[in-house]
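A.B. asks: Please read through the structure below; I'll follow up with questions.
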Amino acid sequence: MLFPNTIQKWEAVRPIRYSVRAIAAVNLAHLTSTPSVLPSALYECCQLSGETLLAGTTHPDGTEEKLGPADLARCLAALPQLGQSQSNIAHTAFENDRCKRTVCTSVLKRLRLRAASYAASPSRRADTLMDWDAFVDTHVPGPGEPDRLCGDCVKSVRATVKTMRKEWWVGLPIVTGVTVEDWYAD
C-alpha cells in the first residue's frame, strides 16, 4: 500500500521523492470511499511544490488530475502545522538534559542549529515524517572524531525523533482535516 494507515507501513514504503501520484490517490480515495488513504496521501501532497499543488498533473493519456477545492484547502491548512512540527523536531530532538558532559552540551547546541537549517530547507520544511537517521548519521561525530557525543546522547536523539514522528503520525488525520476510523500508530 503506497498510502498506508500505520507508521510502520509508511516507513517501509516511504518515498525517496514525493510524487504527484498522491493527487490521484486523494481523488481515488474519495471515489472509492477509502478514507484511510487520505491522511498519508494528503501529507504527500503537502510535500509537492505550491505550483504542482495548485496546477495538478497530467497523465500520459492527457487526462488532468487536480485536487478538489476542499482537499487543496486541507493541504494549505496543514502546511503551517507541518512546518512548525518540523521545526519542533529539529529543536527538541537535539537535547539531552540527563547528560552533563560539556562536550555533549556544546555538540548538541551546534546540531540543533544545523538541524533547524536542514529542516527549514524548501524540500524538507513540511516533511515531519522524514527520515532523520540520515541527518544524524551524517552530522553526529562518530567514534574517533573530536567533539563526539556520548552513546546516551545519540540514543536520546534517535529515540526523541522516533517518538515525535510517531506522535505526529497519530495526529495526521487531524492535521489533514479528515476523519479516519482505522488509523494506527503501529
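In the C-alpha cells, the first chain shown is A, the next is B, and so on; residue numbers restart at 1 for each chain, and ligands run from 1 in the order shown.
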Identify, with DSSP run on backbone atoms, the residues in chain A assigned to alpha helix (DSSP H), and express the list as an NGL selection string.

C.D. replies: :A and (7-13 or 21-31 or 38-46 or 50-55 or 69-93 or 102-120 or 133-139 or 151-175)

A.B. asks: Quick one: contact table of stretch 30-134 of chain A to stretch 154-166 of chain A, 12 Å max, nearest atom pair and distance in Å to one decimal per residue, counting only C-alpha atoms, chain and number order, as JSON lines?

C.D. replies:
```
{"residue": "A:Leu82", "atom": "CA", "partner": "A:Arg165", "partner_atom": "CA", "distance": 11.2}
{"residue": "A:Ser85", "atom": "CA", "partner": "A:Met164", "partner_atom": "CA", "distance": 8.9}
{"residue": "A:Gln86", "atom": "CA", "partner": "A:Arg165", "partner_atom": "CA", "distance": 9.4}
{"residue": "A:Ser87", "atom": "CA", "partner": "A:Met164", "partner_atom": "CA", "distance": 11.6}
{"residue": "A:Asn88", "atom": "CA", "partner": "A:Met164", "partner_atom": "CA", "distance": 9.0}
{"residue": "A:Ile89", "atom": "CA", "partner": "A:Val161", "partner_atom": "CA", "distance": 6.6}
{"residue": "A:Ala90", "atom": "CA", "partner": "A:Val161", "partner_atom": "CA", "distance": 8.6}
{"residue": "A:His91", "atom": "CA", "partner": "A:Val161", "partner_atom": "CA", "distance": 10.4}
{"residue": "A:Thr92", "atom": "CA", "partner": "A:Thr160", "partner_atom": "CA", "distance": 7.8}
{"residue": "A:Ala93", "atom": "CA", "partner": "A:Val157", "partner_atom": "CA", "distance": 5.1}
{"residue": "A:Phe94", "atom": "CA", "partner": "A:Val157", "partner_atom": "CA", "distance": 5.6}
{"residue": "A:Glu95", "atom": "CA", "partner": "A:Val157", "partner_atom": "CA", "distance": 7.2}
{"residue": "A:Asn96", "atom": "CA", "partner": "A:Ser156", "partner_atom": "CA", "distance": 6.6}
{"residue": "A:Asp97", "atom": "CA", "partner": "A:Ser156", "partner_atom": "CA", "distance": 9.8}
{"residue": "A:Arg98", "atom": "CA", "partner": "A:Ser156", "partner_atom": "CA", "distance": 9.5}
{"residue": "A:Cys99", "atom": "CA", "partner": "A:Ser156", "partner_atom": "CA", "distance": 9.8}
{"residue": "A:Cys104", "atom": "CA", "partner": "A:Val154", "partner_atom": "CA", "distance": 9.7}
{"residue": "A:Val107", "atom": "CA", "partner": "A:Val154", "partner_atom": "CA", "distance": 11.0}
{"residue": "A:Leu108", "atom": "CA", "partner": "A:Val157", "partner_atom": "CA", "distance": 9.3}
{"residue": "A:Leu111", "atom": "CA", "partner": "A:Val157", "partner_atom": "CA", "distance": 10.4}
{"residue": "A:Arg112", "atom": "CA", "partner": "A:Val157", "partner_atom": "CA", "distance": 10.6}
{"residue": "A:Ala115", "atom": "CA", "partner": "A:Val157", "partner_atom": "CA", "distance": 11.5}
{"residue": "A:Asp127", "atom": "CA", "partner": "A:Arg165", "partner_atom": "CA", "distance": 10.2}
{"residue": "A:Thr128", "atom": "CA", "partner": "A:Arg165", "partner_atom": "CA", "distance": 6.8}
{"residue": "A:Leu129", "atom": "CA", "partner": "A:Arg165", "partner_atom": "CA", "distance": 5.7}
{"residue": "A:Met130", "atom": "CA", "partner": "A:Arg165", "partner_atom": "CA", "distance": 8.4}
{"residue": "A:Asp131", "atom": "CA", "partner": "A:Val161", "partner_atom": "CA", "distance": 9.1}
{"residue": "A:Trp132", "atom": "CA", "partner": "A:Val161", "partner_atom": "CA", "distance": 7.2}
{"residue": "A:Asp133", "atom": "CA", "partner": "A:Arg158", "partner_atom": "CA", "distance": 7.3}
{"residue": "A:Ala134", "atom": "CA", "partner": "A:Arg158", "partner_atom": "CA", "distance": 10.8}
```

A.B. asks: With N, CA, C and O atoms retained, write the just-selected residues as a compact mmCIF listing (two decimals), in the first residue's frame.

C.D. replies:
```
# COMPACT_ATOMS: atom_id res chain seq x y z
N LEU A 82 2.63 21.47 9.71
CA LEU A 82 3.72 20.55 9.40
C LEU A 82 5.07 21.26 9.52
O LEU A 82 6.04 20.69 10.04
N SER A 85 5.91 21.70 13.15
CA SER A 85 6.29 20.41 13.71
C SER A 85 7.72 20.06 13.33
O SER A 85 8.50 19.58 14.16
N GLN A 86 8.07 20.29 12.08
CA GLN A 86 9.43 20.00 11.62
C GLN A 86 10.43 20.83 12.42
O GLN A 86 11.47 20.33 12.85
N SER A 87 10.11 22.08 12.65
CA SER A 87 10.98 22.95 13.46
C SER A 87 11.07 22.43 14.89
O SER A 87 12.16 22.43 15.50
N ASN A 88 9.94 21.99 15.45
CA ASN A 88 9.94 21.45 16.82
C ASN A 88 10.83 20.22 16.93
O ASN A 88 11.57 20.06 17.91
N ILE A 89 10.76 19.34 15.94
CA ILE A 89 11.61 18.16 15.96
C ILE A 89 13.08 18.57 15.95
O ILE A 89 13.88 18.07 16.74
N ALA A 90 13.42 19.50 15.07
CA ALA A 90 14.82 19.94 14.96
C ALA A 90 15.33 20.52 16.27
O ALA A 90 16.48 20.29 16.66
N HIS A 91 14.49 21.26 16.97
CA HIS A 91 14.94 21.90 18.21
C HIS A 91 14.85 20.98 19.42
O HIS A 91 15.67 21.07 20.33
N THR A 92 13.88 20.11 19.45
CA THR A 92 13.65 19.27 20.63
C THR A 92 14.53 18.03 20.65
O THR A 92 15.02 17.62 21.69
N ALA A 93 14.73 17.42 19.49
CA ALA A 93 15.45 16.14 19.45
C ALA A 93 16.91 16.27 19.86
O ALA A 93 17.49 15.33 20.40
N PHE A 94 17.50 17.42 19.62
CA PHE A 94 18.93 17.58 19.88
C PHE A 94 19.17 18.21 21.25
O PHE A 94 19.91 19.17 21.40
N GLU A 95 18.52 17.63 22.24
CA GLU A 95 18.70 17.99 23.65
C GLU A 95 18.76 16.70 24.44
O GLU A 95 18.15 15.71 24.08
N ASN A 96 19.53 16.75 25.52
CA ASN A 96 19.57 15.61 26.44
C ASN A 96 19.90 16.16 27.82
O ASN A 96 21.07 16.33 28.16
N ASP A 97 18.87 16.48 28.58
CA ASP A 97 19.06 17.08 29.90
C ASP A 97 19.72 16.14 30.90
O ASP A 97 20.24 16.59 31.91
N ARG A 98 19.71 14.85 30.60
CA ARG A 98 20.32 13.89 31.52
C ARG A 98 21.84 13.89 31.43
O ARG A 98 22.52 13.52 32.37
N CYS A 99 22.40 14.29 30.28
CA CYS A 99 23.84 14.27 30.09
C CYS A 99 24.44 15.60 30.55
O CYS A 99 23.97 16.67 30.17
N CYS A 104 29.12 17.19 25.05
CA CYS A 104 27.80 16.85 24.51
C CYS A 104 26.89 18.07 24.45
O CYS A 104 26.20 18.28 23.44
N VAL A 107 28.09 20.13 21.46
CA VAL A 107 27.81 19.48 20.17
C VAL A 107 26.30 19.49 19.90
O VAL A 107 25.87 19.78 18.78
N LEU A 108 25.49 19.21 20.91
CA LEU A 108 24.03 19.22 20.72
C LEU A 108 23.53 20.61 20.33
O LEU A 108 22.64 20.74 19.49
N LEU A 111 24.37 21.02 16.73
CA LEU A 111 23.50 20.16 15.94
C LEU A 111 22.08 20.72 15.84
O LEU A 111 21.43 20.59 14.81
N ARG A 112 21.60 21.35 16.92
CA ARG A 112 20.26 21.97 16.88
C ARG A 112 20.22 23.04 15.79
O ARG A 112 19.25 23.14 15.04
N ALA A 115 20.34 21.29 12.45
CA ALA A 115 19.06 20.60 12.22
C ALA A 115 17.96 21.59 11.85
O ALA A 115 17.14 21.31 10.98
N ASP A 127 8.12 18.29 5.91
CA ASP A 127 8.27 16.83 5.89
C ASP A 127 8.51 16.29 7.30
O ASP A 127 9.57 15.76 7.62
N THR A 128 7.49 16.41 8.12
CA THR A 128 7.56 16.00 9.52
C THR A 128 7.92 14.52 9.67
O THR A 128 8.54 14.13 10.65
N LEU A 129 7.56 13.71 8.71
CA LEU A 129 7.79 12.27 8.79
C LEU A 129 9.06 11.83 8.08
O LEU A 129 9.29 10.65 7.89
N MET A 130 9.91 12.80 7.72
CA MET A 130 11.15 12.43 7.02
C MET A 130 12.04 11.56 7.91
O MET A 130 11.90 11.53 9.13
N ASP A 131 12.96 10.90 7.29
CA ASP A 131 13.90 10.02 7.98
C ASP A 131 15.06 10.88 8.51
O ASP A 131 15.91 11.31 7.75
N TRP A 132 15.06 11.12 9.81
CA TRP A 132 16.12 11.91 10.43
C TRP A 132 17.40 11.11 10.63
O TRP A 132 18.45 11.67 10.95
N ASP A 133 17.35 9.79 10.47
CA ASP A 133 18.54 8.98 10.68
C ASP A 133 19.67 9.41 9.75
O ASP A 133 20.84 9.40 10.14
N ALA A 134 19.35 9.77 8.52
CA ALA A 134 20.39 10.21 7.58
C ALA A 134 21.09 11.46 8.09
O ALA A 134 22.31 11.58 7.99
```

A.B. asks: Could you give me, as a PDB file with N, CA and C atoms, in the first residue's frame, each residue of chain A that DSSP assigns to strand (DSSP E) when run on this structure's backbone?

C.D. replies:
```pdb
ATOM      1  N   THR A  57      -1.568  17.682 -12.133  1.00  0.00           N
ATOM      2  CA  THR A  57      -0.674  16.958 -13.032  1.00  0.00           C
ATOM      3  C   THR A  57      -1.461  16.453 -14.230  1.00  0.00           C
ATOM      4  N   THR A  58      -0.747  16.056 -15.250  1.00  0.00           N
ATOM      5  CA  THR A  58      -1.368  15.493 -16.443  1.00  0.00           C
ATOM      6  C   THR A  58      -0.874  14.069 -16.625  1.00  0.00           C
ATOM      7  N   GLU A  64      -6.177  15.377 -17.028  1.00  0.00           N
ATOM      8  CA  GLU A  64      -5.662  16.218 -15.945  1.00  0.00           C
ATOM      9  C   GLU A  64      -6.165  15.708 -14.605  1.00  0.00           C
ATOM     10  N   GLU A  65      -5.310  15.825 -13.613  1.00  0.00           N
ATOM     11  CA  GLU A  65      -5.644  15.389 -12.252  1.00  0.00           C
ATOM     12  C   GLU A  65      -5.311  16.548 -11.316  1.00  0.00           C
TER      13      GLU A  65
END
```

A.B. asks: What's around A:Ser36 at 12 Å? Count only C-alpha atoms, leave out sequence neighbours fewer than 3 positions away in its own chain, and write the answer as a PDB file with C-alpha atoms, in the first residue's frame.

C.D. replies:
```
ATOM      1  CA  MET A   1       0.000   0.000   0.000  1.00  0.00           C
ATOM      2  CA  LEU A   2       1.566   3.296  -1.098  1.00  0.00           C
ATOM      3  CA  PHE A   3      -0.549   5.391   1.262  1.00  0.00           C
ATOM      4  CA  PRO A   4      -0.754   3.303   4.432  1.00  0.00           C
ATOM      5  CA  ASN A   5      -2.546   3.843   7.720  1.00  0.00           C
ATOM      6  CA  THR A   6       0.309   2.768  10.043  1.00  0.00           C
ATOM      7  CA  ALA A  25      -4.608   8.832  -4.670  1.00  0.00           C
ATOM      8  CA  VAL A  26      -6.615  11.538  -2.894  1.00  0.00           C
ATOM      9  CA  LEU A  28      -9.380   7.893  -5.937  1.00  0.00           C
ATOM     10  CA  ALA A  29      -9.841   7.626  -2.150  1.00  0.00           C
ATOM     11  CA  HIS A  30     -12.892   9.865  -2.444  1.00  0.00           C
ATOM     12  CA  THR A  32     -13.870   4.569  -3.665  1.00  0.00           C
ATOM     13  CA  SER A  33     -14.835   5.733  -0.165  1.00  0.00           C
ATOM     14  CA  PRO A  39      -4.061  11.358   5.642  1.00  0.00           C
ATOM     15  CA  SER A  40      -0.881   9.916   4.103  1.00  0.00           C
ATOM     16  CA  ALA A  41      -1.876  10.911   0.563  1.00  0.00           C
ATOM     17  CA  LEU A  42      -2.691  14.481   1.640  1.00  0.00           C
ATOM     18  CA  LEU A 172      -2.021  13.237  10.879  1.00  0.00           C
ATOM     19  CA  PRO A 173      -5.766  12.790  10.259  1.00  0.00           C
ATOM     20  CA  THR A 176      -5.010  16.963   7.280  1.00  0.00           C
ATOM     21  CA  VAL A 178     -10.071  14.178   7.669  1.00  0.00           C
ATOM     22  CA  THR A 179     -11.934  11.697   9.826  1.00  0.00           C
ATOM     23  CA  VAL A 180     -10.482   8.214   9.735  1.00  0.00           C
ATOM     24  CA  GLU A 181     -11.553   5.314  11.925  1.00  0.00           C
ATOM     25  CA  ASP A 182      -8.759   2.892  11.022  1.00  0.00           C
ATOM     26  CA  TRP A 183      -5.619   4.952  11.683  1.00  0.00           C
ATOM     27  CA  TYR A 184      -2.904   3.365  13.766  1.00  0.00           C
TER      28      TYR A 184
END
```

A.B. asks: From the list A:Gly177, A:Gly83, A:Leu76, A:Cys153, which residue is nearest A:Ala120 when using only C-alpha atoms?

C.D. replies: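 Of A:Gly177, A:Gly83, A:Leu76, A:Cys153, the one nearest A:Ala120, counting only C-alpha atoms, is A:Gly83.
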
A.B. asks: Looking at A:Ala22, A:Ala77, A:Cys150, A:Leu67, which one is nearest to A:Lys100, with distances taken over only C-alpha atoms?

C.D. replies: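 Among A:Ala22, A:Ala77, A:Cys150, A:Leu67, it is A:Cys150 that comes nearest to A:Lys100.
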
A.B. asks: Quick one: pull the distance between atom CA of A:Leu149 and atom CA of A:Tyr118, Å, one decimal.

C.D. replies: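 Atom CA of A:Tyr118 lies 19.4 Å from atom CA of A:Leu149.
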